[in-house]
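Novice: This structure is in structure tokens; I'll ask about it shortly.
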Amino acid sequence: MKSKNSQVSSARNVAVTAVIAALYVVATIALPFASYGPIQLRFSEAFNHLAVFNKRYILAITLGVFIANIWSPYGIVDMIVGTLQTFLMLSISYVLAKRVKSIIARLAISTVVDSLMMWIIAAELYYMAKVPFWATYAWTALGEFAALIIGAIIVYIISRTVNLEK
């Protein structure tokens with residue numbers, strides 16, 4: 001039988017996962033013109049920085065991407081490719097930042113990894129929307145970078161008062 005503390009901890013993890021996933025979805029679908037397509041500035045990607053603090057955020061954000069991509073004009077393909085890309089890039093960011101103490105360095109790792117990983121989305125759009133790969137990669141990576149810079153500032157400020165590792 002689970003102890004009361006482990007039940008509370010488990011319930012807290014489920015709640016935090018659900019809240020982060022829901023926030024990601026709302027932030028994405030609130031601005032659909034900026035969230036899907038070859039030129040995008042998906043502000044919800046700012047949540048990606050949470051993955052360098054605790055691996056539970058990888059699941060939360062990945063779930064949020066899957067749900068948000070239900071509204072994507074690229075349908076099931078975006079639900080699958082976007083979700084797998086998110087899981088992969090967040091996992092890489094987590095592993096690379098796991099032993100890094102500096103919050104700024106962790107956020108920088110997340111920003112660089114996530115921006116570079118947009119090649120997967122560019123490839124998806126190349127096949128689905130018939131857009132040029134390199135131009136699409138440049139625009140999606142630039143949009144990702146911009147969202148992550150804004151997100152890094154916000155997450156850094158939050159991390160000064162909230163322990164995001166818990």
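As shown in the structure tokens, the chain order sets the letters A, B, ...; within each chain, residues go from 1, and ligands are also counted from 1 in the order they appear.
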Residues near segment 156-164 of chain A, anyone? I mean within 12 Å using only C-alpha atoms, not counting same-chain ones fewer than 4 positions away, as number ranges by chain.
Specialist: A: 16, 46-47, 49-57, 102-108, 148-152
Novice: For the residues in that selection, give me C-alpha atoms as a PDB file, in the first residue's frame.
Specialist:
ATOM      1  CA  VAL A  16       0.966  19.549 -12.451  1.00  0.00           C
ATOM      2  CA  ALA A  46       8.135  28.792 -23.946  1.00  0.00           C
ATOM      3  CA  PHE A  47       6.931  25.921 -21.743  1.00  0.00           C
ATOM      4  CA  HIS A  49      12.150  25.319 -20.829  1.00  0.00           C
ATOM      5  CA  LEU A  50      10.471  23.517 -17.945  1.00  0.00           C
ATOM      6  CA  ALA A  51      11.928  20.220 -19.176  1.00  0.00           C
ATOM      7  CA  VAL A  52      15.433  21.233 -18.073  1.00  0.00           C
ATOM      8  CA  PHE A  53      14.194  21.486 -14.483  1.00  0.00           C
ATOM      9  CA  ASN A  54      12.269  18.225 -14.116  1.00  0.00           C
ATOM     10  CA  LYS A  55      11.686  15.332 -16.503  1.00  0.00           C
ATOM     11  CA  ARG A  56       7.982  15.187 -15.596  1.00  0.00           C
ATOM     12  CA  TYR A  57       7.528  18.301 -17.736  1.00  0.00           C
ATOM     13  CA  SER A 102      23.398  27.430 -13.907  1.00  0.00           C
ATOM     14  CA  ILE A 103      19.766  28.223 -14.729  1.00  0.00           C
ATOM     15  CA  ILE A 104      20.855  30.537 -17.536  1.00  0.00           C
ATOM     16  CA  ALA A 105      22.984  27.767 -19.069  1.00  0.00           C
ATOM     17  CA  ARG A 106      20.075  25.310 -18.820  1.00  0.00           C
ATOM     18  CA  LEU A 107      17.768  27.767 -20.569  1.00  0.00           C
ATOM     19  CA  ALA A 108      20.413  28.353 -23.246  1.00  0.00           C
ATOM     20  CA  LEU A 148      12.136  30.500 -26.420  1.00  0.00           C
ATOM     21  CA  ILE A 149      14.016  33.729 -25.736  1.00  0.00           C
ATOM     22  CA  ILE A 150      10.803  35.303 -24.443  1.00  0.00           C
ATOM     23  CA  GLY A 151      10.082  32.096 -22.528  1.00  0.00           C
ATOM     24  CA  ALA A 152      13.594  31.969 -21.061  1.00  0.00           C
TER      25      ALA A 152
END
Novice: I'd like to know which residues of segment 6-48 of chain A are helix (DSSP H, G or I) (by DSSP, run on the backbone); could you write them as a VMD selection string?
Specialist: chain A and resid 6 to 29 32 to 35 43 to 48
Novice: Emit the selected residues as a compact mmCIF listing (two decimals), in the first residue's frame, including N, CA and C atoms.
Specialist:
# COMPACT_ATOMS: atom_id res chain seq x y z
N SER A 6 3.36 9.50 -0.55
CA SER A 6 3.55 9.13 -1.95
C SER A 6 2.26 9.31 -2.75
N GLN A 7 1.11 9.13 -2.10
CA GLN A 7 -0.16 9.38 -2.78
C GLN A 7 -0.33 10.87 -3.08
N VAL A 8 0.05 11.71 -2.14
CA VAL A 8 -0.02 13.16 -2.34
C VAL A 8 0.94 13.57 -3.45
N SER A 9 2.14 13.01 -3.41
CA SER A 9 3.14 13.32 -4.43
C SER A 9 2.66 12.88 -5.81
N SER A 10 2.08 11.69 -5.88
CA SER A 10 1.57 11.18 -7.14
C SER A 10 0.42 12.04 -7.67
N ALA A 11 -0.49 12.41 -6.79
CA ALA A 11 -1.61 13.28 -7.17
C ALA A 11 -1.10 14.64 -7.62
N ARG A 12 -0.09 15.16 -6.93
CA ARG A 12 0.51 16.44 -7.31
C ARG A 12 1.13 16.35 -8.69
N ASN A 13 1.85 15.28 -8.98
CA ASN A 13 2.47 15.10 -10.30
C ASN A 13 1.43 15.06 -11.41
N VAL A 14 0.34 14.34 -11.18
CA VAL A 14 -0.74 14.26 -12.18
C VAL A 14 -1.35 15.65 -12.39
N ALA A 15 -1.58 16.35 -11.30
CA ALA A 15 -2.18 17.68 -11.39
C ALA A 15 -1.26 18.66 -12.13
N VAL A 16 0.01 18.65 -11.79
CA VAL A 16 0.97 19.55 -12.45
C VAL A 16 1.06 19.21 -13.94
N THR A 17 1.12 17.93 -14.26
CA THR A 17 1.17 17.50 -15.66
C THR A 17 -0.06 17.98 -16.41
N ALA A 18 -1.23 17.82 -15.84
CA ALA A 18 -2.47 18.23 -16.49
C ALA A 18 -2.53 19.75 -16.68
N VAL A 19 -2.10 20.49 -15.68
CA VAL A 19 -2.14 21.96 -15.77
C VAL A 19 -1.18 22.46 -16.85
N ILE A 20 0.03 21.95 -16.87
CA ILE A 20 1.02 22.38 -17.87
C ILE A 20 0.53 22.01 -19.28
N ALA A 21 0.02 20.79 -19.44
CA ALA A 21 -0.50 20.37 -20.75
C ALA A 21 -1.64 21.29 -21.18
N ALA A 22 -2.55 21.58 -20.27
CA ALA A 22 -3.69 22.45 -20.59
C ALA A 22 -3.23 23.87 -20.94
N LEU A 23 -2.28 24.40 -20.20
CA LEU A 23 -1.77 25.73 -20.50
C LEU A 23 -1.11 25.76 -21.88
N TYR A 24 -0.38 24.71 -22.20
CA TYR A 24 0.25 24.62 -23.53
C TYR A 24 -0.82 24.64 -24.63
N VAL A 25 -1.86 23.85 -24.45
CA VAL A 25 -2.94 23.77 -25.44
C VAL A 25 -3.60 25.13 -25.62
N VAL A 26 -3.99 25.75 -24.53
CA VAL A 26 -4.66 27.05 -24.60
C VAL A 26 -3.77 28.10 -25.27
N ALA A 27 -2.51 28.13 -24.89
CA ALA A 27 -1.58 29.11 -25.47
C ALA A 27 -1.37 28.87 -26.97
N THR A 28 -1.51 27.63 -27.41
CA THR A 28 -1.34 27.31 -28.83
C THR A 28 -2.59 27.65 -29.63
N ILE A 29 -3.72 27.14 -29.20
CA ILE A 29 -4.93 27.32 -30.01
C ILE A 29 -5.52 28.73 -29.89
N PRO A 32 -4.05 30.51 -33.41
CA PRO A 32 -3.82 29.49 -34.43
C PRO A 32 -3.06 29.99 -35.66
N PHE A 33 -3.23 31.27 -36.01
CA PHE A 33 -2.52 31.83 -37.16
C PHE A 33 -1.01 31.85 -36.95
N ALA A 34 -0.57 31.87 -35.69
CA ALA A 34 0.85 31.90 -35.38
C ALA A 34 1.38 30.54 -34.95
N SER A 35 0.50 29.55 -34.78
CA SER A 35 0.90 28.28 -34.18
C SER A 35 1.12 27.14 -35.17
N PHE A 43 4.02 30.71 -29.18
CA PHE A 43 4.44 31.19 -27.86
C PHE A 43 4.38 30.09 -26.80
N SER A 44 3.53 29.11 -27.00
CA SER A 44 3.43 28.01 -26.04
C SER A 44 4.73 27.23 -25.93
N GLU A 45 5.62 27.36 -26.91
CA GLU A 45 6.90 26.67 -26.86
C GLU A 45 7.77 27.16 -25.70
N ALA A 46 7.41 28.30 -25.12
CA ALA A 46 8.13 28.79 -23.95
C ALA A 46 8.10 27.77 -22.81
N PHE A 47 7.04 26.96 -22.77
CA PHE A 47 6.93 25.92 -21.74
C PHE A 47 8.03 24.87 -21.87
N ASN A 48 8.65 24.76 -23.05
CA ASN A 48 9.70 23.76 -23.26
C ASN A 48 10.84 23.89 -22.25
Novice: What is the distance, in Å and to one decimal place, between atom CA of Phe133 of chain A and atom CA of Gly64 of chain A?
Specialist: 25.7 Å
Novice: When you draw a straight line from atom CA of Gly82 of chain A to atom CA of Ile70 of chain A, how long is it in Å?
Specialist: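 Between atom CA of Gly82 of chain A and atom CA of Ile70 of chain A the gap is 10.7 Å.
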Novice: Measuring atom to atom with only C-alpha atoms, identify which of A:Tyr137, A:Tyr36, A:Phe87, A:Tyr94 is nearest to Gly75 of chain A.
Specialist: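 Among the listed residues, the smallest separation from Gly75 of chain A belongs to A:Tyr36.
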Novice: Which is closer to Leu84 of chain A than all the others in A:Leu142, A:Ala135, A:Val100, A:Ile61, using only C-alpha atoms?
Specialist: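 So, comparing all the options, the nearest one is A:Ile61.
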Novice: Please determine, counting only C-alpha atoms, which residue among A:Ile109, A:Tyr127, A:Ile153, A:Ile58 has the shortest atom-to-atom distance to Asp78 of chain A.
Specialist: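 Among A:Ile109, A:Tyr127, A:Ile153, A:Ile58, it is A:Tyr127 that comes nearest to Asp78 of chain A.
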Novice: Pick out the closest residue to Pro132 of chain A from this set: A:Leu90, A:Thr83, A:Trp119, A:Lys101. Count only C-alpha atoms.
Specialist: A:Trp119
